[in-house]
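The file my_file_36.pdb comes next; it holds PDB, C-alpha atoms.
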ATOM      1  CA  MET W  72      20.210   2.875 -21.337
ATOM      2  CA  ASP W  73      17.223   0.566 -21.834
ATOM      3  CA  SER W  74      13.679   1.859 -21.860
ATOM      4  CA  ALA W  75      12.902   0.946 -18.220
ATOM      5  CA  THR W  76      15.862   2.998 -16.953
ATOM      6  CA  LEU W  77      14.912   5.888 -19.214
ATOM      7  CA  ILE W  78      11.334   5.815 -17.887
ATOM      8  CA  ALA W  79      12.612   5.714 -14.298
ATOM      9  CA  VAL W  80      14.924   8.703 -14.859
ATOM     10  CA  VAL W  81      12.246  10.787 -16.552
ATOM     11  CA  SER W  82       9.621   9.827 -13.931
ATOM     12  CA  ILE W  83      11.778  10.781 -10.945
ATOM     13  CA  PHE W  84      12.864  14.061 -12.562
ATOM     14  CA  VAL W  85       9.322  15.013 -13.560
ATOM     15  CA  ALA W  86       7.907  14.021 -10.135
ATOM     16  CA  GLY W  87      10.324  16.450  -8.474
ATOM     17  CA  LEU W  88       9.472  19.132 -11.005
ATOM     18  CA  THR W  89       5.726  18.545 -10.525
ATOM     19  CA  ILE W  90       5.816  18.956  -6.769
ATOM     20  CA  THR W  91       8.162  21.973  -6.996
ATOM     21  CA  ILE W  92       6.145  24.032  -9.443
ATOM     22  CA  GLY W  93       2.868  22.682  -8.120
ATOM     23  CA  SER W  94       3.582  23.865  -4.588
ATOM     24  CA  ILE W  95       4.887  27.354  -5.440
ATOM     25  CA  ALA W  96       1.723  28.722  -6.983
ATOM     26  CA  PRO W  97      -0.757  27.426  -4.353
ATOM     27  CA  ALA W  98       1.591  28.659  -1.593
ATOM     28  CA  LEU W  99       1.531  32.182  -3.045
ATOM     29  CA  GLY W 100      -2.242  32.012  -3.464
ATOM     30  CA  GLU W 101      -2.819  30.752   0.067
ATOM     31  CA  ALA W 102      -0.544  33.437   1.506
ATOM     32  CA  LYS W 103      -2.538  36.124  -0.279
ATOM     33  CA  THR W 104      -5.835  34.580   0.863
ATOM     34  CA  ALA W 105      -4.716  34.365   4.492
ATOM     35  CA  SER W 106      -3.390  37.930   4.579
ATOM     36  CA  GLN W 107      -6.598  39.283   3.041
ATOM     37  CA  ALA W 108      -8.689  37.304   5.522
ATOM     38  CA  LEU W 109      -6.621  38.610   8.451
ATOM     39  CA  ASN W 110      -7.123  42.158   7.171
ATOM     40  CA  ALA W 111     -10.853  41.584   6.932
ATOM     41  CA  ILE W 112     -11.033  40.062  10.427
ATOM     42  CA  ALA W 113      -9.022  42.993  11.802
ATOM     43  CA  GLN W 114     -11.474  45.419  10.231
ATOM     44  CA  GLN W 115     -14.649  43.522  11.113
ATOM     45  CA  PRO W 116     -14.057  41.266  14.143
ATOM     46  CA  ASP W 117     -17.818  40.631  14.433
ATOM     47  CA  GLU W 118     -17.818  38.790  11.110
ATOM     48  CA  ALA W 119     -14.939  36.527  12.175
ATOM     49  CA  ASN W 120     -17.086  33.350  12.055
ATOM     50  CA  THR W 121     -18.249  33.849   8.476
ATOM     51  CA  LEU W 122     -14.803  34.986   7.385
ATOM     52  CA  THR W 123     -13.116  31.965   8.958
ATOM     53  CA  ARG W 124     -15.541  29.561   7.287
ATOM     54  CA  THR W 125     -15.040  31.197   3.901
ATOM     55  CA  LEU W 126     -11.284  31.260   4.499
ATOM     56  CA  PHE W 127     -11.156  27.525   5.225
ATOM     57  CA  VAL W 128     -13.253  26.631   2.196
ATOM     58  CA  SER W 129     -11.210  28.813  -0.149
ATOM     59  CA  LEU W 130      -7.928  27.572   1.318
ATOM     60  CA  ALA W 131      -9.005  23.988   0.714
ATOM     61  CA  MET W 132      -9.998  24.802  -2.845
ATOM     62  CA  ILE W 133      -6.678  26.542  -3.531
ATOM     63  CA  GLU W 134      -4.790  23.734  -1.884
ATOM     64  CA  SER W 135      -6.486  21.161  -4.078
ATOM     65  CA  THR W 136      -4.264  22.325  -6.966
ATOM     66  CA  ALA W 137      -1.219  21.372  -4.913
ATOM     67  CA  ILE W 138      -2.910  18.099  -3.966
ATOM     68  CA  TYR W 139      -3.493  17.255  -7.649
ATOM     69  CA  CYS W 140       0.226  17.784  -8.291
ATOM     70  CA  PHE W 141       1.047  15.618  -5.266
ATOM     71  CA  VAL W 142      -1.219  12.834  -6.547
ATOM     72  CA  VAL W 143       0.449  12.976  -9.967
ATOM     73  CA  ALA W 144       3.919  12.904  -8.363
ATOM     74  CA  MET W 145       2.956   9.927  -6.172
ATOM     75  CA  ILE W 146       1.575   8.039  -9.175
ATOM     76  CA  LEU W 147       4.783   8.750 -11.125
ATOM     77  CA  LEU W 148       6.944   7.481  -8.266
ATOM     78  CA  PHE W 149       5.023   4.555  -6.802
ATOM     79  CA  ALA W 150       2.363   3.438  -9.290
ATOM     80  CA  ASN W 151       3.827   4.365 -12.664
ATOM     81  CA  PRO W 152       1.876   2.448 -15.354
ATOM     82  CA  PHE W 153       4.611   2.947 -18.005
ATOM     83  CA  TRP W 154       7.307   1.678 -15.683
ATOM     84  CA  THR W 155       5.242  -1.436 -14.863
ATOM     85  CA  ALA W 156       4.674  -2.090 -18.585
ATOM     86  CA  ALA W 157       8.354  -1.633 -19.485
ATOM     87  CA  ALA W 158       9.726  -3.628 -16.540
ATOM     88  CA  GLY W 159       7.141  -6.407 -16.829
ATOM     89  CA  GLY W 160       7.145  -6.733 -20.612
TER      90      GLY W 160
ATOM     91  CA  MET X  85       4.108   0.732  -0.218
ATOM     92  CA  THR X  86       0.539   0.781  -1.458
ATOM     93  CA  LEU X  87      -1.098   3.939  -2.739
ATOM     94  CA  SER X  88      -4.622   2.759  -2.021
ATOM     95  CA  PRO X  89      -6.277   0.310   0.399
ATOM     96  CA  ASP X  90      -7.929  -1.226  -2.700
ATOM     97  CA  GLU X  91      -4.728  -3.194  -3.271
ATOM     98  CA  THR X  92      -4.810  -4.878   0.141
ATOM     99  CA  ILE X  93      -6.904  -8.017  -0.289
ATOM    100  CA  ILE X  94      -8.133  -9.286   3.054
ATOM    101  CA  TRP X  95     -10.325 -12.203   2.060
ATOM    102  CA  THR X  96     -11.201 -14.031  -1.166
ATOM    103  CA  ILE X  97     -14.281 -16.144  -1.916
ATOM    104  CA  GLY X  98     -13.994 -17.563  -5.422
ATOM    105  CA  PRO X  99     -14.031 -14.634  -7.866
ATOM    106  CA  ILE X 100     -15.005 -12.086  -5.196
ATOM    107  CA  ALA X 101     -12.077 -10.375  -3.498
ATOM    108  CA  LEU X 102     -12.781  -8.419  -0.347
ATOM    109  CA  ASN X 103     -10.317  -5.535  -0.130
ATOM    110  CA  ALA X 104      -9.425  -3.312   2.801
ATOM    111  CA  THR X 105     -11.531  -0.405   1.504
ATOM    112  CA  LEU X 106     -14.722  -2.479   1.581
ATOM    113  CA  VAL X 107     -13.969  -4.023   4.961
ATOM    114  CA  PHE X 108     -13.278  -0.694   6.675
ATOM    115  CA  THR X 109     -16.219   1.018   4.940
ATOM    116  CA  TRP X 110     -18.574  -1.677   6.232
ATOM    117  CA  ALA X 111     -16.980  -1.551   9.680
ATOM    118  CA  LEU X 112     -17.491   2.226   9.799
ATOM    119  CA  MET X 113     -21.082   1.897   8.601
ATOM    120  CA  ALA X 114     -21.730  -0.661  11.352
ATOM    121  CA  VAL X 115     -20.093   1.529  14.013
ATOM    122  CA  LEU X 116     -22.021   4.638  12.929
ATOM    123  CA  ALA X 117     -25.326   2.754  12.798
ATOM    124  CA  ALA X 118     -24.657   1.177  16.202
ATOM    125  CA  ALA X 119     -23.765   4.558  17.697
ATOM    126  CA  ALA X 120     -26.980   6.069  16.324
ATOM    127  CA  TRP X 121     -28.974   3.104  17.675
ATOM    128  CA  VAL X 122     -27.424   3.390  21.145
ATOM    129  CA  ALA X 123     -28.069   7.131  21.127
ATOM    130  CA  ARG X 124     -31.725   6.521  20.157
ATOM    131  CA  LEU X 125     -32.149   4.099  23.033
ATOM    132  CA  GLN X 126     -30.791   6.711  25.415
ATOM    133  CA  THR X 127     -32.804   9.714  24.233
ATOM    134  CA  LYS X 128     -35.296   9.527  27.107
ATOM    135  CA  ARG X 129     -32.600   9.676  29.771
ATOM    136  CA  ALA X 130     -29.999  12.068  28.363
ATOM    137  CA  LYS X 131     -26.860   9.982  28.538
ATOM    138  CA  ARG X 132     -23.332  10.393  27.235
ATOM    139  CA  TRP X 133     -23.838   8.965  23.735
ATOM    140  CA  SER X 134     -27.033  10.787  22.967
ATOM    141  CA  ILE X 135     -25.657  14.126  24.193
ATOM    142  CA  PHE X 136     -22.432  13.577  22.224
ATOM    143  CA  LEU X 137     -24.279  12.808  18.987
ATOM    144  CA  GLU X 138     -26.804  15.575  19.612
ATOM    145  CA  THR X 139     -23.959  18.088  19.916
ATOM    146  CA  ILE X 140     -22.560  16.982  16.553
ATOM    147  CA  VAL X 141     -25.941  16.965  14.791
ATOM    148  CA  VAL X 142     -26.961  20.370  16.164
ATOM    149  CA  GLY X 143     -23.548  21.754  15.194
ATOM    150  CA  VAL X 144     -23.928  20.473  11.628
ATOM    151  CA  GLN X 145     -27.454  21.875  11.479
ATOM    152  CA  ASP X 146     -26.214  25.297  12.631
ATOM    153  CA  GLN X 147     -23.569  25.330   9.903
ATOM    154  CA  ILE X 148     -26.105  24.338   7.218
ATOM    155  CA  GLU X 149     -28.510  26.993   8.495
ATOM    156  CA  GLN X 150     -25.828  29.660   8.003
ATOM    157  CA  ILE X 151     -25.218  28.598   4.401
ATOM    158  CA  ALA X 152     -28.790  27.752   3.369
ATOM    159  CA  PRO X 153     -31.200  29.595   5.681
ATOM    160  CA  GLY X 154     -34.459  27.745   6.308
ATOM    161  CA  GLN X 155     -33.371  24.552   4.563
ATOM    162  CA  SER X 156     -31.278  22.934   7.285
ATOM    163  CA  THR X 157     -33.759  20.204   8.290
ATOM    164  CA  ARG X 158     -34.075  19.063   4.666
ATOM    165  CA  TYR X 159     -30.343  18.938   3.978
ATOM    166  CA  LEU X 160     -29.318  17.664   7.411
ATOM    167  CA  PRO X 161     -29.650  13.872   6.835
ATOM    168  CA  PHE X 162     -27.566  13.860   3.649
ATOM    169  CA  ILE X 163     -24.925  16.399   4.699
ATOM    170  CA  ALA X 164     -24.505  15.040   8.225
ATOM    171  CA  THR X 165     -24.139  11.494   6.884
ATOM    172  CA  LEU X 166     -21.378  12.615   4.513
ATOM    173  CA  PHE X 167     -19.688  14.601   7.280
ATOM    174  CA  LEU X 168     -19.834  11.835   9.896
ATOM    175  CA  PHE X 169     -18.616   9.175   7.459
ATOM    176  CA  ILE X 170     -15.650  11.223   6.201
ATOM    177  CA  LEU X 171     -14.813  12.398   9.714
ATOM    178  CA  SER X 172     -14.861   8.922  11.233
ATOM    179  CA  SER X 173     -12.876   7.468   8.340
ATOM    180  CA  ALA X 174     -10.244  10.173   8.911
ATOM    181  CA  LEU X 175     -10.227   9.214  12.584
ATOM    182  CA  ILE X 176      -9.718   5.475  12.025
ATOM    183  CA  GLY X 177      -6.894   6.344   9.610
ATOM    184  CA  VAL X 178      -4.588   6.903  12.615
ATOM    185  CA  VAL X 179      -5.524   3.627  14.329
ATOM    186  CA  PRO X 180      -2.685   1.126  13.749
ATOM    187  CA  GLY X 181      -3.727  -1.622  11.338
ATOM    188  CA  CYS X 182      -6.684   0.347  10.013
ATOM    189  CA  ARG X 183      -6.787   2.137   6.672
ATOM    190  CA  ALA X 184      -9.007   5.132   6.010
ATOM    191  CA  PRO X 185     -11.559   4.064   3.370
ATOM    192  CA  THR X 186     -11.475   7.622   1.978
ATOM    193  CA  ALA X 187      -7.798   7.082   1.065
ATOM    194  CA  SER X 188      -9.159   5.096  -1.899
ATOM    195  CA  LEU X 189     -10.295   6.915  -5.026
ATOM    196  CA  SER X 190     -13.259   4.499  -5.347
ATOM    197  CA  THR X 191     -14.788   5.639  -2.036
ATOM    198  CA  THR X 192     -14.301   9.344  -2.686
ATOM    199  CA  ALA X 193     -15.645   8.971  -6.235
ATOM    200  CA  ALA X 194     -18.749   7.269  -4.806
ATOM    201  CA  LEU X 195     -19.232  10.119  -2.310
ATOM    202  CA  ALA X 196     -18.764  12.738  -5.049
ATOM    203  CA  ILE X 197     -21.236  10.936  -7.331
ATOM    204  CA  SER X 198     -23.795  10.882  -4.535
ATOM    205  CA  VAL X 199     -23.389  14.676  -4.301
ATOM    206  CA  LEU X 200     -23.744  14.901  -8.107
ATOM    207  CA  ILE X 201     -27.075  13.043  -7.839
ATOM    208  CA  ALA X 202     -28.235  14.885  -4.718
ATOM    209  CA  VAL X 203     -27.864  18.340  -6.303
ATOM    210  CA  PRO X 204     -30.577  17.888  -9.003
ATOM    211  CA  THR X 205     -32.728  15.826  -6.617
ATOM    212  CA  PHE X 206     -32.915  18.574  -3.990
ATOM    213  CA  ALA X 207     -33.090  21.318  -6.629
ATOM    214  CA  ILE X 208     -35.956  19.739  -8.602
ATOM    215  CA  SER X 209     -37.921  19.050  -5.430
ATOM    216  CA  THR X 210     -37.494  22.701  -4.387
ATOM    217  CA  ILE X 211     -37.801  24.800  -7.545
ATOM    218  CA  GLY X 212     -39.181  22.314 -10.091
ATOM    219  CA  LEU X 213     -37.727  20.616 -13.142
ATOM    220  CA  SER X 214     -38.036  23.462 -15.645
ATOM    221  CA  ALA X 215     -36.513  26.054 -13.313
ATOM    222  CA  TYR X 216     -33.634  23.689 -12.578
ATOM    223  CA  LEU X 217     -32.962  23.009 -16.262
ATOM    224  CA  ARG X 218     -33.228  26.715 -17.048
ATOM    225  CA  GLN X 219     -30.294  27.354 -14.693
ATOM    226  CA  TYR X 220     -28.019  25.622 -17.191
ATOM    227  CA  THR X 221     -28.799  28.270 -19.794
ATOM    228  CA  GLN X 222     -27.965  31.172 -17.470
ATOM    229  CA  PRO X 223     -26.778  33.827 -18.278
ATOM    230  CA  THR X 224     -27.076  32.854 -21.984
ATOM    231  CA  VAL X 225     -27.733  29.652 -23.930
ATOM    232  CA  PHE X 226     -24.095  29.664 -25.078
ATOM    233  CA  MET X 227     -23.029  28.898 -21.507
ATOM    234  CA  LEU X 228     -24.842  25.519 -21.587
ATOM    235  CA  PRO X 229     -21.769  23.349 -22.380
ATOM    236  CA  PHE X 230     -19.654  25.226 -19.838
ATOM    237  CA  ASN X 231     -22.263  24.773 -17.125
ATOM    238  CA  ILE X 232     -22.396  21.021 -17.832
ATOM    239  CA  ILE X 233     -18.583  20.762 -17.851
ATOM    240  CA  GLY X 234     -18.485  22.739 -14.612
ATOM    241  CA  GLU X 235     -20.937  20.319 -13.004
ATOM    242  CA  LEU X 236     -18.762  17.334 -13.957
ATOM    243  CA  SER X 237     -15.392  18.910 -13.180
ATOM    244  CA  ARG X 238     -16.432  19.972  -9.694
ATOM    245  CA  THR X 239     -17.511  16.384  -9.010
ATOM    246  CA  ILE X 240     -14.071  15.142 -10.094
ATOM    247  CA  ALA X 241     -12.453  17.902  -8.015
ATOM    248  CA  LEU X 242     -14.450  16.835  -4.931
ATOM    249  CA  ALA X 243     -13.341  13.218  -5.356
ATOM    250  CA  VAL X 244      -9.667  13.920  -6.078
ATOM    251  CA  ARG X 245      -9.365  16.563  -3.351
ATOM    252  CA  LEU X 246     -10.558  14.224  -0.610
ATOM    253  CA  TYR X 247      -8.572  11.275  -2.018
ATOM    254  CA  GLY X 248      -5.382  13.318  -2.352
ATOM    255  CA  ASN X 249      -5.565  14.699   1.164
ATOM    256  CA  MET X 250      -6.314  11.375   2.841
ATOM    257  CA  MET X 251      -3.852   9.407   0.681
ATOM    258  CA  SER X 252      -1.062  11.936   1.215
ATOM    259  CA  GLY X 253      -1.349  11.536   4.979
ATOM    260  CA  ALA X 254      -1.042   7.749   4.786
ATOM    261  CA  VAL X 255       1.790   7.813   2.222
ATOM    262  CA  LEU X 256       3.757  10.490   4.096
ATOM    263  CA  ALA X 257       3.466   8.452   7.282
ATOM    264  CA  ALA X 258       4.725   5.344   5.467
ATOM    265  CA  ILE X 259       7.683   7.243   3.934
ATOM    266  CA  LEU X 260       8.592   8.896   7.243
ATOM    267  CA  VAL X 261       8.486   5.616   9.150
ATOM    268  CA  SER X 262      11.166   4.278   6.790
ATOM    269  CA  ILE X 263      13.302   7.446   7.072
ATOM    270  CA  ALA X 264      12.873   8.767  10.634
ATOM    271  CA  PRO X 265      10.921   6.182  12.650
ATOM    272  CA  LEU X 266      10.975   7.921  16.033
ATOM    273  CA  PHE X 267       8.971  11.048  16.840
ATOM    274  CA  PHE X 268       8.431  12.748  13.515
ATOM    275  CA  PRO X 269       5.758  10.362  12.137
ATOM    276  CA  VAL X 270       3.615  11.073  15.225
ATOM    277  CA  LEU X 271       3.649  14.795  14.453
ATOM    278  CA  MET X 272       2.766  14.136  10.822
ATOM    279  CA  GLN X 273      -0.082  11.860  11.950
ATOM    280  CA  GLY X 274      -1.339  14.717  14.095
ATOM    281  CA  ILE X 275      -1.265  17.044  11.095
ATOM    282  CA  GLY X 276      -2.966  14.322   9.048
ATOM    283  CA  LEU X 277      -5.718  14.131  11.668
ATOM    284  CA  LEU X 278      -6.230  17.905  11.437
ATOM    285  CA  THR X 279      -6.297  17.725   7.614
ATOM    286  CA  GLY X 280      -8.812  14.884   7.739
ATOM    287  CA  VAL X 281     -11.212  16.797  10.002
ATOM    288  CA  ILE X 282     -10.881  19.955   7.874
ATOM    289  CA  GLN X 283     -11.482  17.931   4.689
ATOM    290  CA  ALA X 284     -14.630  16.379   6.192
ATOM    291  CA  TYR X 285     -15.833  19.915   6.963
ATOM    292  CA  ILE X 286     -14.873  21.162   3.477
ATOM    293  CA  PHE X 287     -16.640  18.269   1.738
ATOM    294  CA  ALA X 288     -19.818  18.855   3.723
ATOM    295  CA  VAL X 289     -19.715  22.629   3.193
ATOM    296  CA  LEU X 290     -19.083  22.277  -0.555
ATOM    297  CA  ALA X 291     -21.931  19.754  -0.890
ATOM    298  CA  THR X 292     -24.228  22.173   0.967
ATOM    299  CA  VAL X 293     -23.123  25.114  -1.183
ATOM    300  CA  TYR X 294     -23.672  23.150  -4.413
ATOM    301  CA  ILE X 295     -27.127  21.978  -3.327
ATOM    302  CA  ALA X 296     -28.119  25.387  -1.974
ATOM    303  CA  SER X 297     -26.953  27.281  -5.065
ATOM    304  CA  ALA X 298     -28.815  24.906  -7.382
ATOM    305  CA  SER X 299     -31.949  25.088  -5.218
ATOM    306  CA  ALA X 300     -31.969  28.875  -4.873
ATOM    307  CA  PRO X 301     -34.595  30.436  -7.090
ATOM    308  CA  HIS X 302     -33.150  32.638  -9.814
ATOM    309  CA  PRO X 303     -33.202  36.339  -8.835
ATOM    310  CA  LYS X 304     -35.428  37.210 -11.790
ATOM    311  CA  SER X 305     -38.006  34.497 -11.105
ATOM    312  CA  GLN X 306     -37.868  35.314  -7.381
ATOM    313  CA  SER X 307     -38.780  38.919  -8.060
ATOM    314  CA  THR X 308     -41.638  37.817 -10.316
ATOM    315  CA  GLN X 309     -42.837  35.458  -7.572
ATOM    316  CA  GLU X 310     -42.722  38.290  -5.084
ATOM    317  CA  ALA X 311     -44.569  40.467  -7.560
ATOM    318  CA  GLN X 312     -47.201  37.745  -7.944
ATOM    319  CA  ASN X 313     -47.478  37.287  -4.200
ATOM    320  CA  GLY X 314     -47.624  41.006  -3.472
TER     321      GLY X 314
END
Would you mind writing the file out in structure tokens?
Amino acid sequence: MDSATLIAVVSIFVAGLTITIGSIAPALGEAKTASQALNAIAQQPDEANTLTRTLFVSLAMIESTAIYCFVVAMILLFANPFWTAAAGG
Amino acid sequence: MTLSPDETIIWTIGPIALNATLVFTWALMAVLAAAAWVARLQTKRAKRWSIFLETIVVGVQDQIEQIAPGQSTRYLPFIATLFLFILSSALIGVVPGCRAPTASLSTTAALAISVLIAVPTFAISTIGLSAYLRQYTQPTVFMLPFNIIGELSRTIALAVRLYGNMMSGAVLAAILVSIAPLFFPVLMQGIGLLTGVIQAYIFAVLATVYIASASAPHPKSQSTQEAQNG
């Protein structure tokens, strides 16, 4: 197995691992956020506007962790600098 | 498959290469400026364009007013510009042949850096230089490096969050077209449209929150001011 193949194998494996682990934790966090927000809206329907705005902002901030993992996985798969170096040189 | 519209070169003059990001950014800037100009021409006789833009601007102002009471007219030009640019670039992302300029890390980094510069600018003009610098040593002087790191890391987070969301929509569409070219990509484009609008909102809200929190007088100094006034 030459180095380019090795890099490809490791990159594909780690990209899958990145997106797996990186989506579990934000999913749990977002579920907790959404359920808490629904509870709060059920208790105080008058504050629904403020709660929804805060909910969206916090969801986006939690989701950014998953997005970072997605970016890393995409770079590993489609724009891998090590792969380019090994295959080109 | 290209991860960023930076790699698509549209036109080359000597050493200067004009990539898709630049072209679509300039096109958007021209469209936004033209729309504002048309709306200005129509202000005396309330027409479609002016009412449409007025609805957006008043909506943005309402949102800013809820986050930073009393400051909405000052923040409106900056925040609404960010919001309209990110929103319209998300919208042209679904037009065939067009690429969203915010799907490039260069564009989102530029937007995040403009927020990084706007925060001290607004804060110093509101509460003064010394009060702004003193915020970095709150609650103790030992927090100074962490406050500075926090300032930088949230700028990087702003840039990567917007880039990741916009890029993921484009890349997912490209992957799906090669796997299941019929109906599914349309649904994903619809979800991408929703994500793009939400991200424009998030970016604007976060910029407002950062500016407003840096411009808010410190509770202690506020109470002393009130004591001096009263």
Let me know the residues the ChimeraX specification (/X :<7) & /W catches in the file above, as a PyMOL selection string. chain W and resi 128+135+138-139+142
Could you name the residues that touch Ala150 of chain W at 12 Å or less, counting all atoms listed in the file, but leaving out those on the same chain fewer than 2 positions away, as a PyMOL selection string? (chain W and resi 79+82+86+142-148+152-156) or (chain X and resi 85-88+91)
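Going from atom CA of Ser237 of chain X over to atom CA of Thr136 of chain W, you cover 13.2 Å.
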Residue members of the PyMOL selection byres ((chain X and resi 109) around 9) in the file shown, as JSON, numbers by chain: {"X": [104, 105, 106, 107, 108, 110, 111, 112, 113, 114, 169, 173, 184, 185, 186, 191]}
Of the listed residues X:Ala258, X:Leu168, X:Ile97, X:Leu102, that which approaches Leu116 of chain X most closely, counting only C-alpha atoms: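 Selected residue with least distance to Leu116 of chain X: X:Leu168.
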Can you measure atom CA of Ala131 of chain W to atom CA of Pro265 of chain X for me? One decimal in Å is fine.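 We find that atom CA of Ala131 of chain W and atom CA of Pro265 of chain X lie 29.3 Å from each other.
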